[in-house]
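Undergrad: Next up, entry_33.cif (mmCIF, C-alpha atoms, pLDDT in the B column; chains and numbers go by the auth columns).
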```cif
data_entry
loop_
_atom_site.group_PDB
_atom_site.id
_atom_site.type_symbol
_atom_site.label_atom_id
_atom_site.label_comp_id
_atom_site.label_asym_id
_atom_site.label_seq_id
_atom_site.Cartn_x
_atom_site.Cartn_y
_atom_site.Cartn_z
_atom_site.B_iso_or_equiv
_atom_site.auth_seq_id
_atom_site.auth_asym_id
ATOM 1 C CA GLN A 1 37.326 7.598 -6.913 87.00 1 A
ATOM 2 C CA VAL A 2 33.593 7.846 -6.418 94.00 2 A
ATOM 3 C CA GLN A 3 31.694 8.828 -3.283 97.00 3 A
ATOM 4 C CA LEU A 4 28.137 7.559 -2.789 97.00 4 A
ATOM 5 C CA VAL A 5 25.372 8.997 -0.637 98.00 5 A
ATOM 6 C CA GLU A 6 22.044 7.242 -0.143 98.00 6 A
ATOM 7 C CA SER A 7 18.814 8.978 0.800 98.00 7 A
ATOM 8 C CA GLY A 8 15.081 8.394 0.761 98.00 8 A
ATOM 9 C CA GLY A 9 14.681 5.873 3.537 98.00 9 A
ATOM 10 C CA GLY A 10 12.084 6.137 6.249 98.00 10 A
ATOM 11 C CA LEU A 11 9.124 4.542 7.961 98.00 11 A
ATOM 12 C CA VAL A 12 6.344 3.248 5.732 98.00 12 A
ATOM 13 C CA GLN A 13 3.311 1.049 6.244 98.00 13 A
ATOM 14 C CA PRO A 14 3.071 -2.379 4.604 98.00 14 A
ATOM 15 C CA GLY A 15 1.979 -1.987 1.007 98.00 15 A
ATOM 16 C CA GLY A 16 3.525 1.457 0.769 98.00 16 A
ATOM 17 C CA SER A 17 6.306 2.788 -1.438 98.00 17 A
ATOM 18 C CA LEU A 18 9.652 4.493 -1.099 98.00 18 A
ATOM 19 C CA ARG A 19 12.227 5.669 -3.608 98.00 19 A
ATOM 20 C CA LEU A 20 15.840 5.441 -2.569 98.00 20 A
ATOM 21 C CA SER A 21 18.476 7.593 -4.228 98.00 21 A
ATOM 22 C CA CYS A 22 22.192 6.952 -4.584 98.00 22 A
ATOM 23 C CA ALA A 23 23.953 10.161 -5.522 97.00 23 A
ATOM 24 C CA ALA A 24 27.523 10.026 -6.738 96.00 24 A
ATOM 25 C CA SER A 25 30.328 12.550 -6.666 94.00 25 A
ATOM 26 C CA GLY A 26 33.946 12.438 -7.691 93.00 26 A
ATOM 27 C CA SER A 27 33.199 10.388 -10.773 92.00 27 A
ATOM 28 C CA THR A 28 30.378 9.635 -13.158 91.00 28 A
ATOM 29 C CA LEU A 29 28.169 6.660 -12.412 88.00 29 A
ATOM 30 C CA ASP A 30 28.287 5.463 -16.000 86.00 30 A
ATOM 31 C CA SER A 31 31.822 4.294 -15.245 90.00 31 A
ATOM 32 C CA TYR A 32 30.540 1.793 -12.688 94.00 32 A
ATOM 33 C CA THR A 33 28.278 -1.150 -12.127 95.00 33 A
ATOM 34 C CA ILE A 34 25.876 -0.114 -9.357 97.00 34 A
ATOM 35 C CA GLY A 35 24.295 -2.464 -6.880 97.00 35 A
ATOM 36 C CA TRP A 36 21.814 -2.086 -4.057 98.00 36 A
ATOM 37 C CA PHE A 37 22.240 -4.172 -0.923 98.00 37 A
ATOM 38 C CA ARG A 38 20.359 -4.408 2.330 98.00 38 A
ATOM 39 C CA GLN A 39 21.208 -5.645 5.780 98.00 39 A
ATOM 40 C CA ALA A 40 18.692 -6.457 8.474 96.00 40 A
ATOM 41 C CA PRO A 41 19.724 -6.787 12.128 92.00 41 A
ATOM 42 C CA GLY A 42 21.500 -10.070 12.748 94.00 42 A
ATOM 43 C CA LYS A 43 21.571 -10.980 9.063 96.00 43 A
ATOM 44 C CA GLU A 44 24.190 -10.899 6.348 96.00 44 A
ATOM 45 C CA ARG A 45 24.263 -8.169 3.746 97.00 45 A
ATOM 46 C CA GLU A 46 22.009 -9.203 0.871 97.00 46 A
ATOM 47 C CA GLY A 47 22.308 -8.192 -2.777 97.00 47 A
ATOM 48 C CA VAL A 48 18.975 -6.774 -3.913 98.00 48 A
ATOM 49 C CA SER A 49 19.454 -5.301 -7.357 98.00 49 A
ATOM 50 C CA CYS A 50 22.029 -4.228 -9.902 97.00 50 A
ATOM 51 C CA ILE A 51 22.233 -2.069 -12.991 96.00 51 A
ATOM 52 C CA SER A 52 24.917 -2.421 -15.624 94.00 52 A
ATOM 53 C CA SER A 53 26.385 0.781 -17.062 89.00 53 A
ATOM 54 C CA SER A 54 27.478 -1.088 -20.181 86.00 54 A
ATOM 55 C CA ASP A 55 24.031 -1.926 -21.518 88.00 55 A
ATOM 56 C CA GLY A 56 21.551 -0.840 -18.845 90.00 56 A
ATOM 57 C CA SER A 57 20.626 -4.415 -17.939 94.00 57 A
ATOM 58 C CA THR A 58 18.954 -4.789 -14.558 96.00 58 A
ATOM 59 C CA TYR A 59 18.871 -7.646 -12.102 97.00 59 A
ATOM 60 C CA TYR A 60 16.800 -8.390 -9.009 97.00 60 A
ATOM 61 C CA THR A 61 16.845 -10.937 -6.273 97.00 61 A
ATOM 62 C CA ASP A 62 13.756 -13.143 -6.325 97.00 62 A
ATOM 63 C CA SER A 63 12.168 -11.670 -3.212 97.00 63 A
ATOM 64 C CA VAL A 64 11.863 -8.193 -4.774 98.00 64 A
ATOM 65 C CA LYS A 65 11.097 -9.027 -8.415 97.00 65 A
ATOM 66 C CA GLY A 66 7.991 -7.246 -9.589 97.00 66 A
ATOM 67 C CA ARG A 67 8.094 -4.834 -6.633 98.00 67 A
ATOM 68 C CA PHE A 68 11.426 -3.016 -6.920 98.00 68 A
ATOM 69 C CA THR A 69 12.809 -1.142 -9.909 98.00 69 A
ATOM 70 C CA ILE A 70 16.371 0.090 -10.311 98.00 70 A
ATOM 71 C CA SER A 71 17.087 2.973 -12.671 97.00 71 A
ATOM 72 C CA ARG A 72 19.801 5.473 -13.461 95.00 72 A
ATOM 73 C CA ASP A 73 19.713 9.184 -14.305 94.00 73 A
ATOM 74 C CA ASP A 74 23.083 10.043 -15.798 91.00 74 A
ATOM 75 C CA ALA A 75 22.276 13.756 -15.935 94.00 75 A
ATOM 76 C CA LYS A 76 21.858 13.754 -12.155 96.00 76 A
ATOM 77 C CA ASN A 77 24.595 11.160 -11.593 96.00 77 A
ATOM 78 C CA THR A 78 22.124 9.250 -9.465 97.00 78 A
ATOM 79 C CA VAL A 79 20.793 5.702 -9.274 97.00 79 A
ATOM 80 C CA TYR A 80 17.355 5.042 -7.854 98.00 80 A
ATOM 81 C CA LEU A 81 15.619 2.090 -6.269 98.00 81 A
ATOM 82 C CA GLN A 82 11.853 2.397 -6.473 98.00 82 A
ATOM 83 C CA MET A 83 10.297 0.098 -3.900 98.00 83 A
ATOM 84 C CA ASN A 84 6.590 -0.679 -4.106 98.00 84 A
ATOM 85 C CA SER A 85 4.325 -3.054 -2.193 98.00 85 A
ATOM 86 C CA LEU A 86 6.727 -2.992 0.709 98.00 86 A
ATOM 87 C CA LYS A 87 6.612 -5.771 3.267 98.00 87 A
ATOM 88 C CA PRO A 88 7.859 -5.914 6.861 97.00 88 A
ATOM 89 C CA GLU A 89 10.608 -8.276 5.716 97.00 89 A
ATOM 90 C CA ASP A 90 12.000 -5.478 3.540 98.00 90 A
ATOM 91 C CA THR A 91 13.027 -3.664 6.711 98.00 91 A
ATOM 92 C CA ALA A 92 16.790 -3.131 6.632 98.00 92 A
ATOM 93 C CA VAL A 93 19.554 -0.628 6.088 98.00 93 A
ATOM 94 C CA TYR A 94 19.912 -0.186 2.343 98.00 94 A
ATOM 95 C CA TYR A 95 23.278 0.513 0.754 98.00 95 A
ATOM 96 C CA CYS A 96 24.348 1.352 -2.753 98.00 96 A
ATOM 97 C CA ALA A 97 27.708 0.216 -4.018 98.00 97 A
ATOM 98 C CA ALA A 98 29.875 0.806 -7.071 96.00 98 A
ATOM 99 C CA GLY A 99 31.964 -1.793 -8.831 94.00 99 A
ATOM 100 C CA PRO A 100 33.952 -1.923 -12.053 91.00 100 A
ATOM 101 C CA ARG A 101 32.000 -1.270 -15.224 89.00 101 A
ATOM 102 C CA TYR A 102 33.165 -4.509 -16.821 86.00 102 A
ATOM 103 C CA TYR A 103 31.400 -6.638 -14.167 85.00 103 A
ATOM 104 C CA ARG A 104 28.091 -5.970 -15.932 88.00 104 A
ATOM 105 C CA CYS A 105 26.378 -7.200 -12.761 91.00 105 A
ATOM 106 C CA SER A 106 28.032 -10.604 -12.961 88.00 106 A
ATOM 107 C CA GLY A 107 27.951 -11.990 -9.438 89.00 107 A
ATOM 108 C CA TYR A 108 26.146 -8.845 -8.322 91.00 108 A
ATOM 109 C CA LYS A 109 25.031 -10.341 -5.024 90.00 109 A
ATOM 110 C CA SER A 110 28.603 -10.646 -3.792 92.00 110 A
ATOM 111 C CA PRO A 111 29.696 -7.598 -1.759 93.00 111 A
ATOM 112 C CA SER A 112 33.308 -8.262 -2.720 92.00 112 A
ATOM 113 C CA ARG A 113 32.490 -7.191 -6.280 93.00 113 A
ATOM 114 C CA TYR A 114 32.143 -3.598 -5.161 95.00 114 A
ATOM 115 C CA GLY A 115 34.881 -1.248 -4.078 95.00 115 A
ATOM 116 C CA TYR A 116 32.836 1.762 -3.029 97.00 116 A
ATOM 117 C CA TRP A 117 29.929 1.953 -0.609 98.00 117 A
ATOM 118 C CA GLY A 118 27.567 4.559 0.704 98.00 118 A
ATOM 119 C CA GLN A 119 26.737 4.996 4.376 97.00 119 A
ATOM 120 C CA GLY A 120 23.294 3.407 4.106 98.00 120 A
ATOM 121 C CA THR A 121 19.722 4.555 4.656 98.00 121 A
ATOM 122 C CA GLN A 122 17.233 2.916 7.012 98.00 122 A
ATOM 123 C CA VAL A 123 13.998 1.514 5.633 98.00 123 A
ATOM 124 C CA THR A 124 11.397 0.392 8.158 98.00 124 A
ATOM 125 C CA VAL A 125 8.151 -1.223 7.051 98.00 125 A
ATOM 126 C CA SER A 126 5.719 -1.407 9.921 97.00 126 A
ATOM 127 C CA SER A 127 2.114 -0.642 10.806 95.00 127 A
#
```
Please express the file's structure as structure tokens.

TA:
Amino acid sequence: QVQLVESGGGLVQPGGSLRLSCAASGSTLDSYTIGWFRQAPGKEREGVSCISSSDGSTYYTDSVKGRFTISRDDAKNTVYLQMNSLKPEDTAVYYCAAGPRYYRCSGYKSPSRYGYWGQGTQVTVSS
């Protein structure tokens, strides 16, 4: 069983950058497909990005393509989400989640694909 802890959120001005971290314990992240989700007040949880442990493939929802980058450091058992050119509409609580390795990010935007979740980290983009 894996435990996930997110960090790196905060308040940033539009156009700024943040790097979120998802640190795992209890198991190695290379055994899981890892997704990043976000949830803004009054909205449903949205799948943002995914990285496959099988082949390292990465996926992004259209609204963040070209601005966000997901990566994995197996030595640190951590997945990152580098967020650049942030916009006010990126404001949300960001969660990382772990699903079975064999998913390979298939259907990555569906929360039901993931069995383990972190507690979330708040990202606020505002001037």

Undergrad: Report the distance between atom CA of Ile70 of chain A and atom CA of Tyr103 of chain A in Å, rounded to one decimal place.

TA: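 Computing it gives 16.9 Å between the two atoms.
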
Undergrad: Need to verify the contact set: segment 76-83 of chain A, 6 Å, only C-alpha atoms, exclusion of same-chain residues closer than 4 positions in sequence. Can you return it as a PyMOL selection string?

TA: chain A and resi 17-24+29+68-72

Undergrad: What separation in Å, quoted to one decimal, exists between atom CA of Gln39 of chain A and atom CA of Ser53 of chain A?

TA: 24.3 Å

Undergrad: With the PyMOL selection byres ((chain A and resi 58) around 9) as the selection, what would be picked from this file? Answer as a ChimeraX atom specification, please.

TA: /A:49-52,56-57,59-60,69-71,105

Undergrad: When distances are computed from all atoms listed in the file, which of A:Gly26, A:Gly10, A:Pro88, A:Gly42 shows the smallest separation from Ser127 of chain A?

TA: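 Using all atoms listed in the file, the shortest distance to Ser127 of chain A belongs to A:Pro88.
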
Undergrad: Quick one: which residues end up in the PyMOL selection byres ((chain A and resi 93) around 9) for this structure, as a CSV table (one decimal) with C-alpha atoms, keeping the file's coordinate frame?

TA:
```csv
chain,number,residue,atom,x,y,z
A,9,GLY,CA,14.7,5.9,3.5
A,37,PHE,CA,22.2,-4.2,-0.9
A,38,ARG,CA,20.4,-4.4,2.3
A,39,GLN,CA,21.2,-5.6,5.8
A,40,ALA,CA,18.7,-6.5,8.5
A,41,PRO,CA,19.7,-6.8,12.1
A,91,THR,CA,13.0,-3.7,6.7
A,92,ALA,CA,16.8,-3.1,6.6
A,94,TYR,CA,19.9,-0.2,2.3
A,95,TYR,CA,23.3,0.5,0.8
A,120,GLY,CA,23.3,3.4,4.1
A,121,THR,CA,19.7,4.6,4.7
A,122,GLN,CA,17.2,2.9,7.0
A,123,VAL,CA,14.0,1.5,5.6
A,124,THR,CA,11.4,0.4,8.2
```

Undergrad: Quick check, in Å to one decimal: how far apart do atom CA of Ala97 of chain A and atom CA of Lys65 of chain A lie?

TA: 19.5 Å

Undergrad: Using all atoms listed in the file, which of the listed residues (A:Ser7, A:Thr61, A:Gln119, A:Ser112) sits closest to Pro100 of chain A?

TA: A:Ser112

Undergrad: For a quick check of understanding, using only C-alpha atoms, which of A:Gly8, A:Ser106, A:Cys96, A:Gly47 has the smallest distance to Gly118 of chain A?

TA: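 Once distances to Gly118 of chain A are computed over only C-alpha atoms, the minimum belongs to A:Cys96.
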
Undergrad: Specify the axis-aligned box that encloses all atoms of segment 28-41 of chain A listed in the file after padding of 4 Å on each side, stating its centre and edge lengths in Å to one decimal as JSON.

TA:
```
{"center_x": 25.3, "center_y": 1.4, "center_z": -1.9, "size_x": 21.1, "size_y": 24.4, "size_z": 36.1}
```

Undergrad: Going by the chain IDs and residue numbers used in this file, which residues fall under the PyMOL selection byres ((chain A and resi 30) around 8)? Write them as a PyMOL selection string.

TA: chain A and resi 28-29+31-33+53-54+74+101

Undergrad: Compare A:Trp36, A:Tyr108, A:Trp117, A:Tyr102 by their minimum atom-to-atom distance to Gln3 of chain A, counting all atoms listed in the file, and give me the closest one.

TA: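 Selected residue with least distance to Gln3 of chain A: A:Trp117.
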
Undergrad: With distances taken over all atoms listed in the file, which of A:Val125, A:Val2, A:Ile34, A:Val64 is nearest to Lys87 of chain A?

TA: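 Ranking A:Val125, A:Val2, A:Ile34, A:Val64 by distance to Lys87 of chain A, first place goes to A:Val125.
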
Undergrad: Using all atoms listed in the file for the distances, tell me which of A:Pro111, A:Gly66, A:Gly16, A:Gly99 is nearest to Ser126 of chain A.

TA: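 Among the listed residues, the smallest separation from Ser126 of chain A belongs to A:Gly16.
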
Undergrad: Kindly reconstruct segment 48-59 of chain A with all heavy atoms and present the result as a JSON list (two decimals), keeping the file's coordinate frame.

TA:
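This went into rebuild.json:
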```
[["chain", "number", "residue", "atom", "x", "y", "z"],
["A", 48, "VAL", "N", 20.38, -6.97, -3.56],
["A", 48, "VAL", "CA", 18.98, -6.77, -3.91],
["A", 48, "VAL", "C", 18.79, -6.54, -5.40],
["A", 48, "VAL", "O", 17.92, -7.12, -6.04],
["A", 48, "VAL", "CB", 18.39, -5.59, -3.12],
["A", 48, "VAL", "CG1", 16.98, -5.27, -3.58],
["A", 48, "VAL", "CG2", 18.42, -5.88, -1.63],
["A", 49, "SER", "N", 19.64, -5.69, -5.97],
["A", 49, "SER", "CA", 19.45, -5.30, -7.36],
["A", 49, "SER", "C", 20.75, -4.76, -7.91],
["A", 49, "SER", "O", 21.66, -4.38, -7.15],
["A", 49, "SER", "CB", 18.35, -4.24, -7.46],
["A", 49, "SER", "OG", 18.09, -3.90, -8.81],
["A", 50, "CYS", "N", 20.82, -4.72, -9.24],
["A", 50, "CYS", "CA", 22.03, -4.23, -9.90],
["A", 50, "CYS", "C", 21.66, -3.64, -11.25],
["A", 50, "CYS", "O", 20.71, -4.12, -11.90],
["A", 50, "CYS", "CB", 23.02, -5.37, -10.08],
["A", 50, "CYS", "SG", 24.59, -4.92, -10.83],
["A", 51, "ILE", "N", 22.42, -2.62, -11.66],
["A", 51, "ILE", "CA", 22.23, -2.07, -12.99],
["A", 51, "ILE", "C", 23.60, -1.95, -13.65],
["A", 51, "ILE", "O", 24.56, -1.45, -13.06],
["A", 51, "ILE", "CB", 21.49, -0.72, -12.96],
["A", 51, "ILE", "CG1", 21.20, -0.22, -14.38],
["A", 51, "ILE", "CG2", 22.24, 0.34, -12.14],
["A", 51, "ILE", "CD1", 20.17, 0.90, -14.43],
["A", 52, "SER", "N", 23.66, -2.45, -14.87],
["A", 52, "SER", "CA", 24.92, -2.42, -15.62],
["A", 52, "SER", "C", 25.03, -1.11, -16.38],
["A", 52, "SER", "O", 24.08, -0.70, -17.06],
["A", 52, "SER", "CB", 24.95, -3.60, -16.60],
["A", 52, "SER", "OG", 26.01, -3.44, -17.52],
["A", 53, "SER", "N", 26.18, -0.45, -16.30],
["A", 53, "SER", "CA", 26.38, 0.78, -17.06],
["A", 53, "SER", "C", 26.72, 0.49, -18.51],
["A", 53, "SER", "O", 26.64, 1.37, -19.36],
["A", 53, "SER", "CB", 27.48, 1.63, -16.42],
["A", 53, "SER", "OG", 28.70, 0.92, -16.40],
["A", 54, "SER", "N", 27.10, -0.74, -18.80],
["A", 54, "SER", "CA", 27.48, -1.09, -20.18],
["A", 54, "SER", "C", 26.27, -1.13, -21.11],
["A", 54, "SER", "O", 26.31, -0.59, -22.21],
["A", 54, "SER", "CB", 28.18, -2.44, -20.20],
["A", 54, "SER", "OG", 29.37, -2.41, -19.46],
["A", 55, "ASP", "N", 25.20, -1.79, -20.65],
["A", 55, "ASP", "CA", 24.03, -1.93, -21.52],
["A", 55, "ASP", "C", 22.71, -1.63, -20.81],
["A", 55, "ASP", "O", 21.65, -1.82, -21.41],
["A", 55, "ASP", "CB", 23.98, -3.34, -22.11],
["A", 55, "ASP", "CG", 23.90, -4.42, -21.06],
["A", 55, "ASP", "OD1", 23.77, -4.08, -19.86],
["A", 55, "ASP", "OD2", 23.98, -5.61, -21.42],
["A", 56, "GLY", "N", 22.77, -1.18, -19.57],
["A", 56, "GLY", "CA", 21.55, -0.84, -18.84],
["A", 56, "GLY", "C", 20.78, -2.03, -18.32],
["A", 56, "GLY", "O", 19.68, -1.86, -17.78],
["A", 57, "SER", "N", 21.33, -3.24, -18.44],
["A", 57, "SER", "CA", 20.63, -4.42, -17.94],
["A", 57, "SER", "C", 20.42, -4.30, -16.43],
["A", 57, "SER", "O", 21.25, -3.75, -15.72],
["A", 57, "SER", "CB", 21.42, -5.68, -18.24],
["A", 57, "SER", "OG", 21.54, -5.88, -19.63],
["A", 58, "THR", "N", 19.29, -4.83, -15.98],
["A", 58, "THR", "CA", 18.95, -4.79, -14.56],
["A", 58, "THR", "C", 18.70, -6.19, -14.02],
["A", 58, "THR", "O", 18.27, -7.08, -14.76],
["A", 58, "THR", "CB", 17.72, -3.91, -14.32],
["A", 58, "THR", "OG1", 16.62, -4.43, -15.08],
["A", 58, "THR", "CG2", 17.98, -2.47, -14.74],
["A", 59, "TYR", "N", 18.98, -6.35, -12.75],
["A", 59, "TYR", "CA", 18.87, -7.65, -12.10],
["A", 59, "TYR", "C", 18.26, -7.45, -10.72],
["A", 59, "TYR", "O", 18.50, -6.43, -10.07],
["A", 59, "TYR", "CB", 20.25, -8.30, -11.97],
["A", 59, "TYR", "CG", 20.93, -8.48, -13.31],
["A", 59, "TYR", "CD1", 21.63, -7.44, -13.89],
["A", 59, "TYR", "CD2", 20.84, -9.70, -13.98],
["A", 59, "TYR", "CE1", 22.23, -7.60, -15.13],
["A", 59, "TYR", "CE2", 21.45, -9.86, -15.21],
["A", 59, "TYR", "CZ", 22.14, -8.81, -15.78],
["A", 59, "TYR", "OH", 22.72, -8.96, -17.00]]
```
